[in-house]
Amino acid sequence: MEDASAAAIIDARGTVTGWSEGARRLTGYSAEEAVGRSVRGLLAEDVPSGAVSARSGTVMVRHHDGYLVGLRIRACVVTGRDGTPDGYVITAEPPGSAETSLAGQAFQQASISMSVFDTDQRYLRLNDAACHVMGVPEETLLGRHFPETVEEAEHSRGFNWHLRHVVETGRPLRYESYTGAPALNREHAWVTEMWPVRHPSGDLLGTALAAIDSTEQYWARQRLALLNEAAAVIGTTLDVVRTAEELIEVVVPRFADFASVDLFDWVLGAEESPTVSTEEIVLRRVAHGSVSEGTPEAAVHLGEVDVYPAFSPIARAMREGRAIVSQAGEPSFMRWVAERNTRAPQGRPYRQGVHSMMAVPLRARGTTLGVAVAVRIRQVDDYAADDAVFAEELASRAAVCVDNARRFARERTTALALQHSLLPRGLPGQAAVQVAHRYLPSGSAAGIGGDWFDVIPLSGSRVALVVGDVVGHGIPSTATMGRLVTAVRTLADVDLPPDELLTHLDDLVTHLASDDDGDEVAELGATCLYAVYDPVTRRLNLAAAGHPAPALVLPDGSARLIPMSAGPPLGVGGLPFEATELQLPEGSVVALYTDGLVEDRDRDVDHATDELCRALTVPAESLDAQCDIVLKAVLPEEPSDDVALLLARTRALGADQVATWDVDPDPAQVAATRQAATEQLTAWGLDETAFVTELVVSELVTNAIRYGSTPIELRLIRDQTLICEVSDGSSTSPHLRRAHQDDEGGRGLLLVAQLTQRWGSRQTTRGKTIWCEQPLTPLF
């Protein structure tokens, strides 16, 4: 026998009749010890029926020293003279010997890991790939139970369970796992096929398996899953910094051990984007994260500015517009690390085991916003080309979210600045009301709304209180609000009653909507409440266009909503507006507000208005303090809409500040009326205004007698200015014109306009009133 193999002769009864030197070396039994013994005594287990007749296979032999040896055997039948089997010649190859058959060579040289186990999960055969994975030669594993060859772990327990399951059920199975391998210094994903091995008779001989390394496919699926997750969790808010933090939360720890996001300062502000410099780049750190507590890898604190030299991977990535992968040992990377270490906080070296880094530009809509950096320290795999493709896709999605947040912040800032410029900054002092107000812009993703309020002085010491809300959010709504604010002020100067003013305003909104594209018609819808208070009569006249009714607090402390018809919103067109009038005691508080104060998805409007009325009855030091009390009690924690609140405490002009005379339609009454006005001015201590007032009274009363109709009335009001009003029953409004040199008349109103500070006319229920104001200090 050749030394490379062993041979034995067995008779038909299973007794050893021949034993070679090779057999002795493989089993440790000499010829004297083996010949004459039953072959079953040399085996570690029973050979299944018919196994020998299979001509080849693997058996477990117990060595003379007690351990098991797996042998691949071939059996050759020895026949007698009558042709019946008379015995067998058994040849065995030692473990690790070369396989000579084509099938054996194919098994041994397969690129996938293949193994064969007996029914008790003992190794019978391994190919070269399996030995490479296990990190030991085949002879070290043959005959040993699988659990003895691996560390106790969840994966090994699962692997062993699947082996037993195949034996118990006799059915093949397939499963996937992700684990380390003894000889591979990294985690690997495997797709394992296991199937039962049977004798032609059907008896189960063992289990075979093939394990395919699917690490690349596994990581491809993981990257895809991470991208899907990123789409769901990045950009949940329209906040630039929070969006950057969400990107960090996605990549750490699954893709990086440390990651950071640095942005240009203009991204965090409202300025336009500058061009990317080819030299040093200045960025601000907005977010970073690490698998280590305290983020020790960060050489830059949050909010700080850092300068990246032109040779750094970060600057290269931003110049070239692609991901730059750097590995430990590369000259550019080491130079960058050395530069960072000189500026590391508290002497901490930046590198600290960093073996791979990737810098990815954050680009959206053709503009570079900043850079994201991913670093691997504990993860053993370096970043590769597939990782760069993934990182660029992830950074692209994150950059769009950052840019959306930037654009929202910019639009919000613009809309807020525009809105503040349109809202009254300082309300002029007046005798009619004392006012306080609050405007709170919405913090929701919808953007700034079109809420506004205004306090407009009118003739006769009256005042108009206005509050409104434009449908929609953002700059279009703010621009529409500006149009309406201007229109309301213009119509207020005409001194129209509230219901007529809203009718004209409704026509304006309808015309604006018809001038715009059809898609923007809805954006021009609005609600408005317009109220006029007269401190002389103490009457409040108001009308609403789809707006909530104001609340009223009487001096006795009781509060209620003013009953009135809300009317249709502005822009509906064709429907009338109804005015409501009521007389108020002096010291009453009228609260005008927009629907954002009482309406919300999770709130009952009636309950909110009840809270508003209760909050208005809480004692406060001032109207400003009352505004704060109302907002704290009524406003939801996170309002979804803008809120405008206007509080007005009414005042009244006493009888000592108003003088009224009925005038007969007789020209002779002009002198008597002028004399009565002069005497009243003397009683008020306003003799210095008597000359101008006499002229004004003469002209206005004369015009009323000559061109107007009864009843005629003269009224003087001593407020912050001296107001002179002449009313008559005619609705014809006067017009200022310049008289020619040969005209005998037409100079009256021109004289009034030149002598007084302001003048005008307004329609009343009984006709018209011509009024003028002059300061309480002389004009000359």
# chains A, B, ... in the order shown; residues from 1 in each chain; ligands from 1
$ select_by_dssp --residues "segment 232-411 of chain A" --states "helix (DSSP H, G or I)" --output "ChimeraX atom specification"
/A:232-233,240-251,265-268,313-320,331-341,345-347,385-411
$ write_last_selection --atoms "C-alpha atoms" --output "PDB file, in the first residue's frame"
ATOM      1  CA  ALA A 232     -39.407  60.103   6.195  1.00  0.00           C
ATOM      2  CA  VAL A 233     -37.384  61.649   9.013  1.00  0.00           C
ATOM      3  CA  VAL A 240     -32.429  74.626   8.989  1.00  0.00           C
ATOM      4  CA  VAL A 241     -30.600  73.512  12.132  1.00  0.00           C
ATOM      5  CA  ARG A 242     -33.153  70.831  13.018  1.00  0.00           C
ATOM      6  CA  THR A 243     -32.966  69.462   9.471  1.00  0.00           C
ATOM      7  CA  ALA A 244     -29.176  69.144   9.796  1.00  0.00           C
ATOM      8  CA  GLU A 245     -29.615  67.356  13.134  1.00  0.00           C
ATOM      9  CA  GLU A 246     -32.039  64.903  11.515  1.00  0.00           C
ATOM     10  CA  LEU A 247     -29.407  64.076   8.891  1.00  0.00           C
ATOM     11  CA  ILE A 248     -26.899  63.311  11.657  1.00  0.00           C
ATOM     12  CA  GLU A 249     -29.415  61.073  13.428  1.00  0.00           C
ATOM     13  CA  VAL A 250     -29.878  59.050  10.245  1.00  0.00           C
ATOM     14  CA  VAL A 251     -26.196  58.360   9.495  1.00  0.00           C
ATOM     15  CA  ASP A 265     -23.639  81.733   7.108  1.00  0.00           C
ATOM     16  CA  TRP A 266     -25.938  83.013   4.367  1.00  0.00           C
ATOM     17  CA  VAL A 267     -27.926  79.773   4.560  1.00  0.00           C
ATOM     18  CA  LEU A 268     -28.793  80.646   8.147  1.00  0.00           C
ATOM     19  CA  PRO A 313     -11.256  67.083   1.591  1.00  0.00           C
ATOM     20  CA  ILE A 314     -14.093  69.411   2.611  1.00  0.00           C
ATOM     21  CA  ALA A 315     -12.962  72.218   0.313  1.00  0.00           C
ATOM     22  CA  ARG A 316     -12.299  69.753  -2.508  1.00  0.00           C
ATOM     23  CA  ALA A 317     -15.769  68.252  -2.184  1.00  0.00           C
ATOM     24  CA  MET A 318     -17.389  71.669  -2.391  1.00  0.00           C
ATOM     25  CA  ARG A 319     -15.279  72.770  -5.356  1.00  0.00           C
ATOM     26  CA  GLU A 320     -15.764  69.571  -7.317  1.00  0.00           C
ATOM     27  CA  PRO A 331      -0.890  62.261   2.035  1.00  0.00           C
ATOM     28  CA  SER A 332      -3.781  64.719   1.643  1.00  0.00           C
ATOM     29  CA  PHE A 333      -5.697  63.063   4.446  1.00  0.00           C
ATOM     30  CA  MET A 334      -2.718  62.997   6.803  1.00  0.00           C
ATOM     31  CA  ARG A 335      -1.967  66.637   6.052  1.00  0.00           C
ATOM     32  CA  TRP A 336      -5.551  67.515   6.820  1.00  0.00           C
ATOM     33  CA  VAL A 337      -5.483  65.519  10.069  1.00  0.00           C
ATOM     34  CA  ALA A 338      -2.252  67.222  11.145  1.00  0.00           C
ATOM     35  CA  GLU A 339      -3.798  70.618  10.495  1.00  0.00           C
ATOM     36  CA  ARG A 340      -6.901  69.684  12.492  1.00  0.00           C
ATOM     37  CA  ASN A 341      -4.876  68.339  15.404  1.00  0.00           C
ATOM     38  CA  PRO A 345      -9.996  71.314  21.691  1.00  0.00           C
ATOM     39  CA  GLN A 346      -8.173  70.484  24.922  1.00  0.00           C
ATOM     40  CA  GLY A 347      -5.339  68.860  23.005  1.00  0.00           C
ATOM     41  CA  ALA A 385     -17.388  53.753  -4.172  1.00  0.00           C
ATOM     42  CA  ASP A 386     -20.849  52.386  -3.348  1.00  0.00           C
ATOM     43  CA  ASP A 387     -20.811  54.321  -0.085  1.00  0.00           C
ATOM     44  CA  ALA A 388     -19.961  57.512  -1.960  1.00  0.00           C
ATOM     45  CA  VAL A 389     -22.905  57.041  -4.332  1.00  0.00           C
ATOM     46  CA  PHE A 390     -25.188  56.451  -1.364  1.00  0.00           C
ATOM     47  CA  ALA A 391     -23.831  59.466   0.518  1.00  0.00           C
ATOM     48  CA  GLU A 392     -24.331  61.751  -2.478  1.00  0.00           C
ATOM     49  CA  GLU A 393     -27.941  60.623  -2.820  1.00  0.00           C
ATOM     50  CA  LEU A 394     -28.589  61.079   0.897  1.00  0.00           C
ATOM     51  CA  ALA A 395     -26.865  64.472   0.933  1.00  0.00           C
ATOM     52  CA  SER A 396     -28.878  65.565  -2.095  1.00  0.00           C
ATOM     53  CA  ARG A 397     -32.150  64.768  -0.354  1.00  0.00           C
ATOM     54  CA  ALA A 398     -31.028  66.436   2.858  1.00  0.00           C
ATOM     55  CA  ALA A 399     -29.819  69.503   0.954  1.00  0.00           C
ATOM     56  CA  VAL A 400     -33.243  69.977  -0.630  1.00  0.00           C
ATOM     57  CA  CYS A 401     -34.802  69.879   2.840  1.00  0.00           C
ATOM     58  CA  VAL A 402     -32.222  72.379   4.123  1.00  0.00           C
ATOM     59  CA  ASP A 403     -32.882  74.641   1.162  1.00  0.00           C
ATOM     60  CA  ASN A 404     -36.630  74.386   1.692  1.00  0.00           C
ATOM     61  CA  ALA A 405     -36.130  75.394   5.314  1.00  0.00           C
ATOM     62  CA  ARG A 406     -33.856  78.254   4.225  1.00  0.00           C
ATOM     63  CA  ARG A 407     -36.377  79.476   1.676  1.00  0.00           C
ATOM     64  CA  PHE A 408     -39.181  79.227   4.212  1.00  0.00           C
ATOM     65  CA  ALA A 409     -37.157  81.194   6.764  1.00  0.00           C
ATOM     66  CA  ARG A 410     -36.331  83.818   4.160  1.00  0.00           C
ATOM     67  CA  GLU A 411     -39.925  84.091   2.976  1.00  0.00           C
TER      68      GLU A 411
END
$ residues_around --residues "Ser30 of chain A" --least-positions-apart "3" --cutoff "8 Å" --atoms "only C-alpha atoms" --output "list in words"
Trp19, Glu21, Arg24, Glu33 and Ala34 of chain A
$ closest_residue --among "A:Gly18, A:Tyr175, A:Asp506, A:Ala256" --to "Ile212 of chain A" --atoms "only C-alpha atoms"
A:Tyr175
$ residues_around --residues "segment 354-357 of chain A" --least-positions-apart "3" --cutoff "7 Å" --atoms "only C-alpha atoms" --output "list in words"
Val325, Ser326, Gln327, Ala328, Arg351, Ala374, Val375, Arg376, Ile377, Asp382 and Tyr383 of chain A
$ write_last_selection --atoms "C-alpha atoms" --output "PDB file, in the first residue's frame"
ATOM      1  CA  VAL A 325     -13.342  59.713   0.115  1.00  0.00           C
ATOM      2  CA  SER A 326     -10.101  59.781   2.099  1.00  0.00           C
ATOM      3  CA  GLN A 327      -8.334  56.867   3.807  1.00  0.00           C
ATOM      4  CA  ALA A 328      -5.752  56.833   6.545  1.00  0.00           C
ATOM      5  CA  ARG A 351      -7.778  61.503  14.247  1.00  0.00           C
ATOM      6  CA  ALA A 374     -18.847  61.156   7.767  1.00  0.00           C
ATOM      7  CA  VAL A 375     -16.044  59.411   9.655  1.00  0.00           C
ATOM      8  CA  ARG A 376     -15.479  55.745  10.507  1.00  0.00           C
ATOM      9  CA  ILE A 377     -13.522  54.795  13.587  1.00  0.00           C
ATOM     10  CA  ASP A 382     -13.394  51.769   4.756  1.00  0.00           C
ATOM     11  CA  TYR A 383     -15.728  53.894   2.688  1.00  0.00           C
TER      12      TYR A 383
END
$ residues_around --residues "Gly143 of chain A" --least-positions-apart "3" --cutoff "7 Å" --atoms "only C-alpha atoms" --output "count of residues only"
7
$ closest_residue --among "A:Leu647, A:Ile112, A:Ala652, A:Ala492" --to "Asp534 of chain A" --atoms "only C-alpha atoms"
A:Ala652
$ closest_residue --among "A:Asp454, A:Glu586, A:Asp82, A:Glu293" --to "Ala436 of chain A" --atoms "only C-alpha atoms"
A:Asp454
$ atom_distance --atom1 "atom CA of Glu168 of chain A" --atom2 "atom CA of Thr119 of chain A"
9.1 Å
$ residues_around --residues "Leu163 of chain A" --least-positions-apart "2" --cutoff "12 Å" --atoms "only C-alpha atoms" --output "PyMOL selection string"
chain A and resi 115-123+145-147+156-161+165-175+192-197+206-209
